[in-house]
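*Asks:* Just so it is clear, I am handing over run_35.cif, which has mmCIF, C-alpha atoms.
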```cif
data_start
loop_
_atom_site.label_atom_id
_atom_site.label_comp_id
_atom_site.auth_asym_id
_atom_site.auth_seq_id
_atom_site.Cartn_x
_atom_site.Cartn_y
_atom_site.Cartn_z
CA MET A 1 26.99 -28.77 15.95
CA LYS A 2 25.72 -28.32 12.38
CA LYS A 3 23.43 -31.33 12.72
CA LEU A 4 22.05 -29.95 15.97
CA LEU A 5 21.34 -26.58 14.32
CA ALA A 6 19.67 -28.35 11.39
CA TRP A 7 17.42 -30.31 13.79
CA ILE A 8 16.55 -27.10 15.67
CA LEU A 9 15.64 -25.42 12.37
CA TRP A 10 13.38 -28.27 11.23
CA LEU A 11 11.72 -28.43 14.67
CA TRP A 12 11.20 -24.65 14.60
CA ILE A 13 9.57 -24.77 11.18
CA ALA A 14 7.45 -27.79 12.14
CA LEU A 15 6.22 -25.97 15.25
CA MET A 16 5.54 -22.87 13.18
CA ILE A 17 3.41 -24.88 10.73
CA VAL A 18 1.48 -26.50 13.59
CA GLY A 19 1.05 -23.09 15.20
CA ALA A 20 -0.21 -21.59 11.93
CA PHE A 21 -2.95 -24.22 11.55
CA ALA A 22 -3.80 -25.17 15.13
CA TRP A 23 -2.77 -22.44 17.58
CA ALA A 24 -3.10 -19.01 15.94
CA PRO A 25 -6.67 -17.73 15.66
CA LEU A 26 -8.30 -16.75 12.40
CA ALA A 27 -8.07 -13.08 11.42
CA GLN A 28 -11.15 -10.90 11.25
CA ASP A 29 -12.60 -9.86 7.88
CA PHE A 30 -11.01 -12.84 6.11
CA ILE A 31 -12.94 -15.53 4.26
CA GLY A 32 -12.91 -18.89 6.08
CA GLU A 33 -9.43 -20.23 6.90
CA SER A 34 -7.72 -18.11 4.20
CA SER A 35 -5.92 -15.90 6.75
CA ARG A 36 -3.64 -18.85 7.62
CA ILE A 37 -1.83 -18.39 4.29
CA LEU A 38 -0.42 -15.13 5.65
CA PHE A 39 1.80 -17.08 8.07
CA PHE A 40 3.62 -18.40 5.00
CA HIS A 41 3.13 -15.61 2.48
CA VAL A 42 4.51 -12.79 4.66
CA PRO A 43 7.67 -14.70 5.77
CA MET A 44 8.32 -15.69 2.14
CA ALA A 45 8.08 -12.06 1.01
CA TRP A 46 10.31 -11.03 3.90
CA THR A 47 12.87 -13.71 2.97
CA ALA A 48 12.85 -12.56 -0.67
CA PHE A 49 13.75 -9.08 0.63
CA VAL A 50 16.48 -10.59 2.85
CA GLY A 51 17.88 -12.37 -0.23
CA PHE A 52 17.99 -9.06 -2.06
CA MET A 53 19.89 -7.40 0.78
CA ALA A 54 22.26 -10.36 1.22
CA ALA A 55 23.11 -10.37 -2.51
CA GLY A 56 23.90 -6.67 -2.29
CA VAL A 57 26.12 -7.05 0.76
CA TRP A 58 28.10 -9.95 -0.71
CA SER A 59 28.39 -8.14 -4.05
CA ALA A 60 29.82 -5.10 -2.24
CA ARG A 61 32.31 -7.35 -0.40
CA TYR A 62 33.35 -8.92 -3.69
CA LEU A 63 33.66 -5.65 -5.61
CA TRP A 64 35.40 -3.48 -2.99
CA PHE A 65 36.97 -5.82 -0.45
CA GLY A 66 39.36 -8.21 -2.09
CA ARG A 67 37.49 -9.71 -5.07
CA ASN A 68 37.16 -12.99 -3.18
CA VAL A 69 35.36 -15.50 -5.42
CA ARG A 70 33.50 -16.96 -2.39
CA HIS A 71 31.71 -13.62 -1.94
CA ASP A 72 30.60 -13.62 -5.55
CA GLN A 73 29.40 -17.21 -5.23
CA ALA A 74 27.48 -16.20 -2.10
CA ALA A 75 25.84 -13.31 -3.97
CA HIS A 76 24.96 -15.55 -6.94
CA THR A 77 23.40 -18.15 -4.63
CA ALA A 78 21.50 -15.46 -2.70
CA VAL A 79 19.96 -14.16 -5.93
CA SER A 80 18.95 -17.65 -7.09
CA LEU A 81 17.35 -18.43 -3.72
CA GLY A 82 15.78 -14.99 -3.45
CA LEU A 83 14.11 -15.61 -6.81
CA VAL A 84 12.61 -18.85 -5.50
CA PHE A 85 11.16 -17.06 -2.47
CA CYS A 86 9.92 -14.24 -4.72
CA VAL A 87 8.02 -16.72 -6.86
CA LEU A 88 6.61 -18.49 -3.78
CA ALA A 89 5.50 -15.18 -2.26
CA THR A 90 3.84 -14.13 -5.54
CA VAL A 91 2.05 -17.45 -6.01
CA SER A 92 0.86 -17.67 -2.37
CA GLY A 93 -0.29 -14.05 -2.54
CA ALA A 94 -2.17 -14.73 -5.78
CA MET A 95 -3.88 -17.78 -4.23
CA TRP A 96 -5.03 -15.68 -1.28
CA ALA A 97 -6.14 -12.85 -3.59
CA LYS A 98 -8.30 -15.32 -5.56
CA VAL A 99 -10.06 -16.41 -2.35
CA MET A 100 -10.48 -12.89 -0.96
CA TRP A 101 -11.24 -10.81 -4.07
CA GLY A 102 -12.07 -13.35 -6.76
CA GLU A 103 -9.04 -12.60 -8.98
CA TYR A 104 -5.45 -13.86 -8.89
CA TRP A 105 -4.10 -10.42 -9.90
CA ASN A 106 -5.48 -7.13 -8.55
CA TRP A 107 -2.83 -4.54 -9.46
CA ASP A 108 -2.12 -4.05 -5.77
CA PRO A 109 1.06 -1.92 -5.36
CA ARG A 110 2.72 -4.63 -3.26
CA GLN A 111 1.96 -7.29 -5.87
CA LEU A 112 3.69 -5.07 -8.41
CA SER A 113 6.68 -4.51 -6.09
CA ILE A 114 7.37 -8.23 -5.69
CA VAL A 115 7.09 -8.75 -9.47
CA MET A 116 9.56 -5.93 -10.07
CA ALA A 117 11.95 -7.57 -7.58
CA MET A 118 11.53 -10.82 -9.53
CA LEU A 119 12.47 -8.98 -12.75
CA PHE A 120 15.64 -7.78 -11.06
CA TYR A 121 16.62 -11.26 -9.94
CA MET A 122 16.01 -12.68 -13.40
CA ALA A 123 17.93 -9.84 -15.06
CA TYR A 124 20.92 -10.55 -12.76
CA LEU A 125 20.92 -14.24 -13.72
CA THR A 126 20.56 -13.33 -17.43
CA LEU A 127 23.58 -11.00 -17.16
CA ARG A 128 25.70 -13.74 -15.60
CA SER A 129 24.96 -16.11 -18.44
CA ALA A 130 25.61 -13.42 -21.10
CA VAL A 131 29.25 -12.70 -20.21
CA ALA A 132 31.86 -15.09 -21.57
CA ASP A 133 34.75 -14.30 -19.23
CA PRO A 134 34.01 -15.45 -15.64
CA GLN A 135 36.06 -12.65 -14.00
CA THR A 136 34.26 -9.99 -16.03
CA GLY A 137 30.92 -11.65 -15.33
CA ARG A 138 31.51 -11.55 -11.58
CA ARG A 139 32.47 -7.89 -11.66
CA LEU A 140 29.50 -6.82 -13.80
CA ALA A 141 27.00 -8.96 -11.88
CA ALA A 142 28.22 -7.51 -8.57
CA ALA A 143 27.81 -3.98 -9.92
CA TYR A 144 24.29 -4.75 -11.16
CA ALA A 145 23.31 -6.29 -7.81
CA LEU A 146 24.46 -3.12 -6.05
CA LEU A 147 22.49 -0.97 -8.50
CA GLY A 148 19.48 -3.12 -7.66
CA LEU A 149 20.12 -2.64 -3.95
CA ALA A 150 20.12 1.14 -4.44
CA VAL A 151 16.81 1.03 -6.32
CA ALA A 152 15.21 -1.53 -3.93
CA PRO A 153 13.91 1.05 -1.38
CA PHE A 154 11.91 2.67 -4.18
CA LEU A 155 10.45 -0.71 -5.17
CA PHE A 156 9.61 -1.94 -1.68
CA PHE A 157 8.80 1.25 0.25
CA VAL A 158 8.17 4.27 -2.01
CA LEU A 159 6.04 2.83 -4.84
CA PRO A 160 3.60 0.84 -2.62
CA ARG A 161 2.82 4.02 -0.67
CA MET A 162 2.37 6.30 -3.67
CA SER A 163 -1.20 5.47 -4.54
CA GLY A 164 -2.39 5.44 -0.90
CA PHE A 165 -4.43 2.38 -1.82
CA THR A 166 -3.63 -1.22 -1.03
CA LEU A 167 -5.59 -4.42 -0.67
CA HIS A 168 -3.01 -5.68 1.83
CA PRO A 169 -4.34 -5.82 5.38
CA GLU A 170 -4.10 -2.63 7.43
CA PRO A 171 -3.35 -4.26 10.83
CA VAL A 172 0.05 -5.35 9.51
CA LEU A 173 0.85 -2.73 6.90
CA ASN A 174 -0.50 0.72 7.77
CA GLN A 175 0.46 4.37 7.62
CA SER A 176 1.17 4.69 11.35
CA GLY A 177 3.78 1.90 11.22
CA LYS A 178 2.16 0.10 14.16
CA ILE A 179 1.42 -3.60 14.11
CA GLU A 180 -2.08 -4.20 15.39
CA VAL A 181 -2.23 -7.96 15.23
CA GLU A 182 -3.51 -10.40 17.84
CA GLU A 183 -0.69 -11.73 20.06
CA ARG A 184 -0.73 -15.39 19.00
CA MET A 185 -0.93 -14.43 15.33
CA LEU A 186 2.02 -12.08 15.76
CA THR A 187 4.02 -14.82 17.52
CA VAL A 188 3.50 -17.27 14.64
CA LEU A 189 4.22 -14.53 12.08
CA ILE A 190 7.53 -13.61 13.71
CA ALA A 191 8.40 -17.30 14.21
CA GLY A 192 7.75 -17.81 10.50
CA ALA A 193 9.94 -14.87 9.52
CA VAL A 194 12.79 -16.15 11.72
CA GLY A 195 12.35 -19.74 10.52
CA PHE A 196 12.25 -18.87 6.83
CA THR A 197 15.25 -16.57 7.19
CA ALA A 198 17.23 -19.34 8.91
CA LEU A 199 16.08 -21.77 6.21
CA PHE A 200 17.28 -19.30 3.56
CA PHE A 201 20.77 -19.08 5.04
CA TRP A 202 20.98 -22.84 5.59
CA VAL A 203 20.05 -23.62 1.97
CA HIS A 204 22.26 -20.72 0.89
CA ASN A 205 25.27 -22.31 2.61
CA LEU A 206 24.61 -25.60 0.82
CA GLY A 207 24.04 -23.85 -2.52
CA ARG A 208 27.20 -21.75 -2.28
CA ARG A 209 29.31 -24.83 -1.53
CA LEU A 210 27.72 -26.69 -4.46
CA LEU A 211 28.39 -23.73 -6.77
CA SER A 212 32.01 -23.59 -5.62
CA LEU A 213 32.48 -27.30 -6.34
CA SER A 214 30.85 -27.09 -9.77
CA GLU A 215 32.98 -24.06 -10.75
CA ARG A 216 36.14 -25.84 -9.63
CA ALA A 217 35.14 -28.96 -11.58
CA ALA A 218 34.39 -26.88 -14.69
CA ALA A 219 37.82 -25.19 -14.44
CA ARG A 220 39.70 -28.52 -14.33
CA PRO A 221 40.93 -29.89 -17.67
CA ILE A 222 39.29 -33.10 -18.84
CA ALA A 223 41.48 -36.19 -18.30
CA GLY A 224 43.62 -36.86 -21.37
CA GLU A 225 43.54 -33.25 -22.57
CA SER A 226 46.45 -30.85 -21.97
CA MET B 1 38.73 25.97 -8.66
CA SER B 2 41.58 23.62 -7.74
CA GLN B 3 43.81 22.19 -10.46
CA SER B 4 42.56 18.60 -10.10
CA ALA B 5 38.95 19.77 -10.27
CA SER B 6 39.61 21.81 -13.40
CA ILE B 7 41.40 18.82 -14.99
CA TRP B 8 38.44 16.59 -14.12
CA LEU B 9 36.04 19.11 -15.64
CA ALA B 10 38.18 19.41 -18.77
CA GLU B 11 38.14 15.61 -19.17
CA ALA B 12 34.36 15.41 -18.75
CA VAL B 13 33.77 18.25 -21.22
CA ALA B 14 36.21 16.67 -23.69
CA VAL B 15 34.30 13.37 -23.53
CA TYR B 16 30.98 15.19 -23.94
CA LEU B 17 32.25 17.11 -26.99
CA LYS B 18 33.82 13.97 -28.44
CA GLU B 19 30.47 12.15 -28.19
CA TRP B 20 28.65 14.96 -29.99
CA ARG B 21 31.38 15.21 -32.63
CA CYS B 22 31.09 11.45 -33.36
CA GLU B 23 27.30 11.62 -33.28
CA LEU B 24 27.11 14.50 -35.75
CA ARG B 25 29.27 12.52 -38.19
CA THR B 26 26.95 9.50 -38.24
CA ARG B 27 23.73 10.81 -36.60
CA TYR B 28 23.06 7.25 -35.49
CA ALA B 29 21.52 7.95 -32.07
CA LEU B 30 19.55 10.99 -33.22
CA ASN B 31 18.11 9.14 -36.18
CA THR B 32 17.38 5.98 -34.20
CA LEU B 33 15.75 7.68 -31.23
CA GLY B 34 13.93 10.30 -33.26
CA LEU B 35 12.55 8.07 -35.98
CA PHE B 36 11.70 5.26 -33.57
CA ALA B 37 9.77 7.61 -31.30
CA PHE B 38 8.04 9.42 -34.17
CA THR B 39 7.08 6.18 -35.94
CA THR B 40 5.68 4.70 -32.73
CA LEU B 41 3.75 7.91 -32.06
CA VAL B 42 2.20 7.79 -35.52
CA VAL B 43 1.26 4.13 -35.10
CA VAL B 44 -0.34 4.80 -31.71
CA SER B 45 -2.15 7.86 -32.98
CA MET B 46 -3.49 6.06 -36.07
CA SER B 47 -4.54 3.03 -34.01
CA LEU B 48 -6.40 5.09 -31.45
CA GLY B 49 -7.97 7.53 -33.88
CA ALA B 50 -9.90 10.59 -32.73
CA GLU B 51 -12.42 8.64 -30.67
CA GLY B 52 -9.80 6.42 -29.12
CA VAL B 53 -7.72 9.40 -28.02
CA LEU B 54 -10.72 10.96 -26.29
CA ALA B 55 -11.70 7.63 -24.70
CA ALA B 56 -8.15 6.98 -23.50
CA GLY B 57 -8.07 10.10 -21.37
CA PRO B 58 -5.14 11.94 -19.77
CA SER B 59 -4.11 9.06 -17.46
CA VAL B 60 -3.58 6.57 -20.30
CA LEU B 61 -1.98 9.19 -22.55
CA SER B 62 0.52 10.08 -19.79
CA VAL B 63 1.54 6.42 -19.71
CA LEU B 64 1.86 6.33 -23.52
CA LEU B 65 4.19 9.33 -23.57
CA TRP B 66 6.64 7.69 -21.18
CA ILE B 67 6.43 4.33 -22.94
CA LEU B 68 7.38 6.10 -26.18
CA LEU B 69 10.35 7.75 -24.47
CA LEU B 70 11.41 4.49 -22.81
CA PHE B 71 11.31 2.52 -26.07
CA ALA B 72 13.27 5.22 -27.89
CA VAL B 73 15.91 5.27 -25.13
CA THR B 74 16.12 1.46 -25.20
CA ALA B 75 16.71 1.60 -28.96
CA GLY B 76 19.31 4.38 -29.00
CA LEU B 77 21.28 4.46 -25.72
CA PRO B 78 22.99 1.03 -25.64
CA ARG B 79 25.44 2.06 -28.36
CA GLY B 80 27.30 4.45 -26.04
CA PHE B 81 29.87 2.01 -24.68
CA VAL B 82 29.36 -0.87 -27.13
CA HIS B 83 30.72 1.40 -29.89
CA GLU B 84 33.88 2.03 -27.84
CA GLU B 85 34.50 -1.70 -27.45
CA GLU B 86 33.78 -2.47 -31.13
CA THR B 87 36.11 0.24 -32.45
CA HIS B 88 38.76 -0.52 -29.79
CA THR B 89 38.78 3.06 -28.56
CA ALA B 90 37.93 1.96 -25.00
CA THR B 91 41.61 1.59 -24.08
CA ALA B 92 42.36 5.11 -25.29
CA LEU B 93 39.47 6.40 -23.19
CA ARG B 94 40.79 4.56 -20.12
CA LEU B 95 44.11 6.37 -20.56
CA ALA B 96 42.66 9.75 -21.43
CA ALA B 97 40.08 10.28 -18.68
CA THR B 98 39.37 9.25 -15.11
CA PRO B 99 36.33 6.96 -14.80
CA SER B 100 34.15 9.54 -13.06
CA ALA B 101 34.92 12.21 -15.67
CA LEU B 102 34.25 9.72 -18.46
CA PHE B 103 30.94 8.67 -16.88
CA CYS B 104 29.82 12.28 -16.40
CA GLY B 105 30.74 13.15 -19.99
CA LYS B 106 28.76 10.18 -21.32
CA LEU B 107 25.86 10.92 -18.96
CA ALA B 108 25.75 14.56 -20.05
CA TYR B 109 25.71 13.46 -23.69
CA ASN B 110 22.95 10.86 -23.14
CA ALA B 111 20.91 13.33 -21.13
CA SER B 112 21.20 15.98 -23.84
CA VAL B 113 20.10 13.43 -26.48
CA VAL B 114 17.08 12.48 -24.35
CA PHE B 115 16.21 16.15 -23.77
CA LEU B 116 16.43 16.81 -27.52
CA LEU B 117 14.16 13.84 -28.16
CA GLN B 118 11.66 15.13 -25.60
CA LEU B 119 11.78 18.60 -27.18
CA LEU B 120 10.84 17.11 -30.55
CA LEU B 121 8.42 14.44 -29.35
CA THR B 122 6.38 16.14 -26.61
CA PRO B 123 4.79 18.95 -28.67
CA LEU B 124 3.95 16.44 -31.41
CA PHE B 125 2.45 14.10 -28.82
CA LEU B 126 0.33 16.87 -27.27
CA ILE B 127 -0.95 17.91 -30.69
CA MET B 128 -1.63 14.43 -32.07
CA MET B 129 -3.24 13.22 -28.83
CA GLN B 130 -5.17 16.50 -28.38
CA LEU B 131 -3.89 16.75 -24.82
CA SER B 132 -4.06 20.05 -22.94
CA VAL B 133 -1.81 20.64 -19.95
CA GLU B 134 -3.02 22.47 -16.82
CA LYS B 135 0.47 22.91 -15.33
CA PRO B 136 2.92 23.28 -18.27
CA LEU B 137 5.88 24.28 -16.08
CA LEU B 138 5.46 21.14 -13.99
CA LEU B 139 5.38 19.05 -17.17
CA ILE B 140 8.64 20.63 -18.32
CA TRP B 141 10.31 19.91 -14.96
CA THR B 142 8.94 16.35 -15.04
CA LEU B 143 10.35 15.76 -18.52
CA LEU B 144 13.73 17.15 -17.45
CA ALA B 145 13.90 15.13 -14.22
CA GLY B 146 12.50 11.98 -15.80
CA GLY B 147 14.66 12.31 -18.90
CA TYR B 148 17.75 12.76 -16.74
CA GLY B 149 16.79 9.63 -14.77
CA LEU B 150 16.42 7.63 -17.99
CA ALA B 151 19.85 8.83 -19.09
CA ALA B 152 21.50 8.12 -15.71
CA GLY B 153 20.15 4.57 -15.38
CA GLY B 154 20.64 3.90 -19.09
CA THR B 155 24.27 5.07 -19.12
CA LEU B 156 25.34 2.72 -16.32
CA VAL B 157 23.48 -0.24 -17.81
CA ALA B 158 25.03 0.57 -21.22
CA ALA B 159 28.47 0.38 -19.56
CA ILE B 160 27.59 -3.02 -18.06
CA ILE B 161 26.31 -4.59 -21.28
CA ALA B 162 29.22 -3.31 -23.40
CA GLN B 163 31.29 -6.26 -22.17
CA ALA B 164 28.56 -8.87 -22.63
CA ARG B 165 27.34 -10.88 -25.58
CA THR B 166 23.96 -9.93 -27.14
CA ALA B 167 24.39 -6.39 -25.87
CA GLY B 168 21.36 -4.98 -27.68
CA THR B 169 18.74 -7.32 -26.24
CA LEU B 170 20.44 -7.39 -22.84
CA PHE B 171 20.05 -3.62 -22.40
CA ALA B 172 16.26 -3.83 -22.25
CA VAL B 173 16.40 -6.80 -19.85
CA LEU B 174 18.77 -5.05 -17.43
CA ALA B 175 17.48 -1.49 -17.75
CA LEU B 176 13.75 -2.04 -17.29
CA PRO B 177 13.87 -3.19 -13.63
CA VAL B 178 16.13 -0.23 -12.82
CA LEU B 179 14.00 2.30 -14.69
CA LEU B 180 10.55 1.03 -13.60
CA PRO B 181 10.35 3.13 -10.37
CA LEU B 182 11.42 6.19 -12.36
CA LEU B 183 8.73 5.56 -14.96
CA VAL B 184 5.97 5.09 -12.38
CA MET B 185 6.92 8.33 -10.65
CA ALA B 186 7.31 10.27 -13.91
CA ILE B 187 3.93 9.03 -15.17
CA GLU B 188 2.31 10.10 -11.89
CA LEU B 189 3.85 13.57 -12.20
CA THR B 190 2.83 13.87 -15.86
CA GLU B 191 -0.75 13.05 -14.91
CA ILE B 192 -0.61 15.67 -12.14
CA ALA B 193 0.69 18.26 -14.63
CA VAL B 194 -1.92 17.41 -17.29
CA LEU B 195 -4.90 17.29 -14.94
CA GLY B 196 -3.71 20.02 -12.55
CA LYS B 197 -4.00 17.70 -9.52
CA ALA B 198 -2.23 18.18 -6.19
CA GLY B 199 0.96 16.20 -5.51
CA ASP B 200 3.51 17.79 -3.19
CA MET B 201 5.75 14.76 -2.69
CA ALA B 202 5.83 13.55 -6.29
CA MET B 203 8.69 15.74 -7.59
CA PRO B 204 10.94 15.29 -4.49
CA ARG B 205 10.53 11.49 -4.90
CA LEU B 206 11.60 11.67 -8.53
CA LEU B 207 14.56 13.91 -7.73
CA LEU B 208 15.56 11.53 -4.92
CA TYR B 209 15.58 8.65 -7.41
CA ASP B 210 17.69 10.69 -9.86
CA GLY B 211 20.16 11.61 -7.11
CA THR B 212 20.38 8.02 -5.85
CA VAL B 213 21.05 6.53 -9.28
CA THR B 214 23.62 9.23 -10.09
CA VAL B 215 25.60 8.74 -6.87
CA VAL B 216 25.47 4.93 -7.06
CA SER B 217 26.47 5.01 -10.74
CA LEU B 218 29.50 7.18 -9.96
CA MET B 219 30.50 4.71 -7.23
CA LEU B 220 30.04 1.62 -9.43
CA PHE B 221 31.36 2.88 -12.76
CA PRO B 222 35.11 2.56 -11.94
CA ALA B 223 34.61 -1.13 -11.06
CA ILE B 224 32.65 -1.71 -14.28
CA TRP B 225 35.02 0.24 -16.53
CA ASN B 226 38.39 -0.93 -15.16
CA PRO B 227 39.05 -4.68 -15.21
#
```
As structure tokens, please, write out the structure in this file.
*Replies:*
Amino acid sequence: MKKLLAWILWLWIALMIVGAFAWAPLAQDFIGESSRILFFHVPMAWTAFVGFMAAGVWSARYLWFGRNVRHDQAAHTAVSLGLVFCVLATVSGAMWAKVMWGEYWNWDPRQLSIVMAMLFYMAYLTLRSAVADPQTGRRLAAAYALLGLAVAPFLFFVLPRMSGFTLHPEPVLNQSGKIEVEERMLTVLIAGAVGFTALFFWVHNLGRRLLSLSERAAARPIAGES
Amino acid sequence: MSQSASIWLAEAVAVYLKEWRCELRTRYALNTLGLFAFTTLVVVSMSLGAEGVLAAGPSVLSVLLWILLLFAVTAGLPRGFVHEEETHTATALRLAATPSALFCGKLAYNASVVFLLQLLLTPLFLIMMQLSVEKPLLLIWTLLAGGYGLAAGGTLVAAIIAQARTAGTLFAVLALPVLLPLLVMAIELTEIAVLGKAGDMAMPRLLLYDGTVTVVSLMLFPAIWNP
């Protein structure tokens, strides 16, 4: 069953990539083929947000529902993966910004939001490495992840709307909350979001199991020692 | 008031008074925050000079004010719980007060230190930067709301780092992502107050942030404080 799901996921992503380059039309007011990067950039940013939420949920389960180490490992893995997607979203966004506006960095509110989210992820990982006792580290990291979850709506929704100005395209992100995107483009965009989210949870499952094994190996005494 | 509520209040007030009593013996936080902020203000003022201050304008000066406050808070607030762990008084505190009362006592103390710092720093800043304020009452409310937010976020992060190695440097790393939204909103409000611009939603946003961080901190503190 797992192998079948893995094959479905890879096929989905392959079709999404083909759709992004060969099936979806180019967006208006974009330079050349640069609009195709949005089919990857937007799902990556979405997945970074999903990672944030997932880390918060697992941290809450660890802290208030049984202190199960698996939940903490899941939160830790979600943060590590979320950071990867944050970096990918920032880099892909910067590449597109260079093509569209001539500069990699434009002080766009959404660019700043994703960087702030990256700071949070990195601070969480720094905290984990700064606490000697593993039990204490889990507890403190879970609390910090939940604090981040509480502040996340301000980072992702309040701050980008404060200035009223954004370089991000209006058909997708606008004040009325309506998506005014051509149908085929929207299909590929949603397929990308679903595919990247599934990819996140698949890699997350592998990462959590690897983390569990490495923690168990680290806890075992070395052969010959008491 | 019910008996449990009055006991809770007594515990919180006792913690608050204990913090001030300890602080007045050593004056560590007051000296650190005050001197750090004043020294930085002098450096900025000297570096900009008269022409630089005029060229910077109200928008940049609003940012500078909050950066000064943030740096001072980062220098002085981490000691709150680290001191308890170092002097082994944390266990006594765990026995003497409920976590929420302890957190509120510490928060009230940190907030009052930040307010005192703002009371000393802001007039000096306005004079040295030759900044006039169109809406002084709004500036006062912004300083109160923003200062409270700095104290609320800083108190919880101080509790987290107290049990970590390299507590001093870790505070800045953990606190800045939490405090960034607060700073952006406080800077916007300060600019509105200085320039007299319109901004109906700015203060409710800042108060919403303060309320969110306070409630979440009260929920998380027992898990942080009790092993």
*Asks:* Rank B:Thr26, B:Asn31, B:Asn226, B:Ser47 by their smallest atom-to-atom distance to chain A, using only C-alpha atoms, and report the top residue only.
*Replies:*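 Ranked by minimum distance to chain A, first place goes to B:Asn226.
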*Asks:* Do you know which residues are at most 12 Å from Pro153 in chain A counting all atoms listed in the file, after dropping those on the same chain fewer than 3 positions away, and could you put them as a ChimeraX atom specification?
*Replies:* /A:49,52-53,113,116-117,147-150,156-161 /B:178,181,205,208-209,212-213
*Asks:* Given a cut-off of 8 Å, which residues of chain B touch chain A, counting all atoms listed in the file, written out as a PyMOL selection string?
*Replies:* chain B and resi 160+163-166+170+173-174+177-178+180-181+184+209+212-213+216-217+220+223-224+227
*Asks:* For a quick check of understanding, using all atoms listed in the file, which of B:Leu218, B:Leu69, B:Leu207, B:Ile192 has the smallest distance to Leu137 in chain B?
*Replies:*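 Closest to Leu137 in chain B, using all atoms listed in the file: B:Ile192.
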*Asks:* CA of Leu131 in chain B and CA of Gly57 in chain B are how many Å apart?
*Replies:*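 Separating CA of Leu131 in chain B from CA of Gly57 in chain B is a distance of 8.6 Å.
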*Asks:* Between A:Leu210, A:Ala218, A:Leu112, A:Leu5, which has the minimum distance to Ala74 in chain A (counting only C-alpha atoms)?
*Replies:*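 Closest candidate: A:Leu210.
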*Asks:* Using only C-alpha atoms, which residues sit within 6 Å of range 197-208 of chain A once same-chain residues fewer than 6 positions away are excluded, as a list in words?
*Replies:*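 Answer for this query is Thr47, Gln73, Ala74 and Thr77 of chain A.
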*Asks:* Please evaluate the PyMOL selection byres ((chain B and resi 124) around 12) against the displayed coordinates and give the resulting residues as a list in words.
*Replies:* Gly34, Ala37, Phe38, Thr39, Thr40, Leu41, Val42, Ser45, Leu65, Leu117, Gln118, Leu119, Leu120, Leu121, Thr122, Pro123, Phe125, Leu126, Ile127, Met128, Met129, Gln130 and Leu131 of chain B
*Asks:* Given the file above and the PyMOL selection byres ((chain A and resi 92) around 9), which residues are selected, and can you give them as a list of chain:residue names?
*Replies:*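 Matching residues under the PyMOL selection byres ((chain A and resi 92) around 9) are A:Ile37, A:Leu38, A:Phe40, A:His41, A:Met44, A:Val87, A:Leu88, A:Ala89, A:Thr90, A:Val91, A:Gly93, A:Ala94, A:Met95, A:Trp96, A:Ala97.
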*Asks:* With C-alpha atoms retained, could you export that selection as a tab-separated table (two decimals), keeping the file's coordinate frame?
*Replies:*
```
chain	number	residue	atom	x	y	z
A	37	ILE	CA	-1.83	-18.39	4.29
A	38	LEU	CA	-0.42	-15.13	5.65
A	40	PHE	CA	3.62	-18.40	5.00
A	41	HIS	CA	3.13	-15.61	2.48
A	44	MET	CA	8.32	-15.69	2.14
A	87	VAL	CA	8.02	-16.72	-6.86
A	88	LEU	CA	6.61	-18.49	-3.78
A	89	ALA	CA	5.50	-15.18	-2.26
A	90	THR	CA	3.84	-14.13	-5.54
A	91	VAL	CA	2.05	-17.45	-6.01
A	93	GLY	CA	-0.29	-14.05	-2.54
A	94	ALA	CA	-2.17	-14.73	-5.78
A	95	MET	CA	-3.88	-17.78	-4.23
A	96	TRP	CA	-5.03	-15.68	-1.28
A	97	ALA	CA	-6.14	-12.85	-3.59
```
*Asks:* Kindly add N, CA and C atoms to the incomplete range 187-194 of chain A and provide the output as a PDB file, in the coordinates of the input.
*Replies:*
```pdb
ATOM      1  N   THR A 187       2.976 -13.860  17.129  1.00  0.00           N
ATOM      2  CA  THR A 187       4.020 -14.820  17.520  1.00  0.00           C
ATOM      3  C   THR A 187       4.330 -15.767  16.369  1.00  0.00           C
ATOM      4  N   VAL A 188       3.292 -16.319  15.744  1.00  0.00           N
ATOM      5  CA  VAL A 188       3.500 -17.270  14.640  1.00  0.00           C
ATOM      6  C   VAL A 188       4.121 -16.551  13.444  1.00  0.00           C
ATOM      7  N   LEU A 189       3.678 -15.308  13.207  1.00  0.00           N
ATOM      8  CA  LEU A 189       4.220 -14.530  12.080  1.00  0.00           C
ATOM      9  C   LEU A 189       5.717 -14.301  12.246  1.00  0.00           C
ATOM     10  N   ILE A 190       6.108 -13.867  13.454  1.00  0.00           N
ATOM     11  CA  ILE A 190       7.530 -13.610  13.710  1.00  0.00           C
ATOM     12  C   ILE A 190       8.318 -14.921  13.673  1.00  0.00           C
ATOM     13  N   ALA A 191       7.732 -15.990  14.258  1.00  0.00           N
ATOM     14  CA  ALA A 191       8.400 -17.300  14.210  1.00  0.00           C
ATOM     15  C   ALA A 191       8.601 -17.742  12.759  1.00  0.00           C
ATOM     16  N   GLY A 192       7.618 -17.475  11.916  1.00  0.00           N
ATOM     17  CA  GLY A 192       7.750 -17.810  10.500  1.00  0.00           C
ATOM     18  C   GLY A 192       8.847 -17.018   9.819  1.00  0.00           C
ATOM     19  N   ALA A 193       8.910 -15.717  10.120  1.00  0.00           N
ATOM     20  CA  ALA A 193       9.940 -14.870   9.520  1.00  0.00           C
ATOM     21  C   ALA A 193      11.336 -15.359   9.929  1.00  0.00           C
ATOM     22  N   VAL A 194      11.492 -15.656  11.237  1.00  0.00           N
ATOM     23  CA  VAL A 194      12.790 -16.150  11.720  1.00  0.00           C
ATOM     24  C   VAL A 194      13.117 -17.500  11.096  1.00  0.00           C
TER      25      VAL A 194
END
```
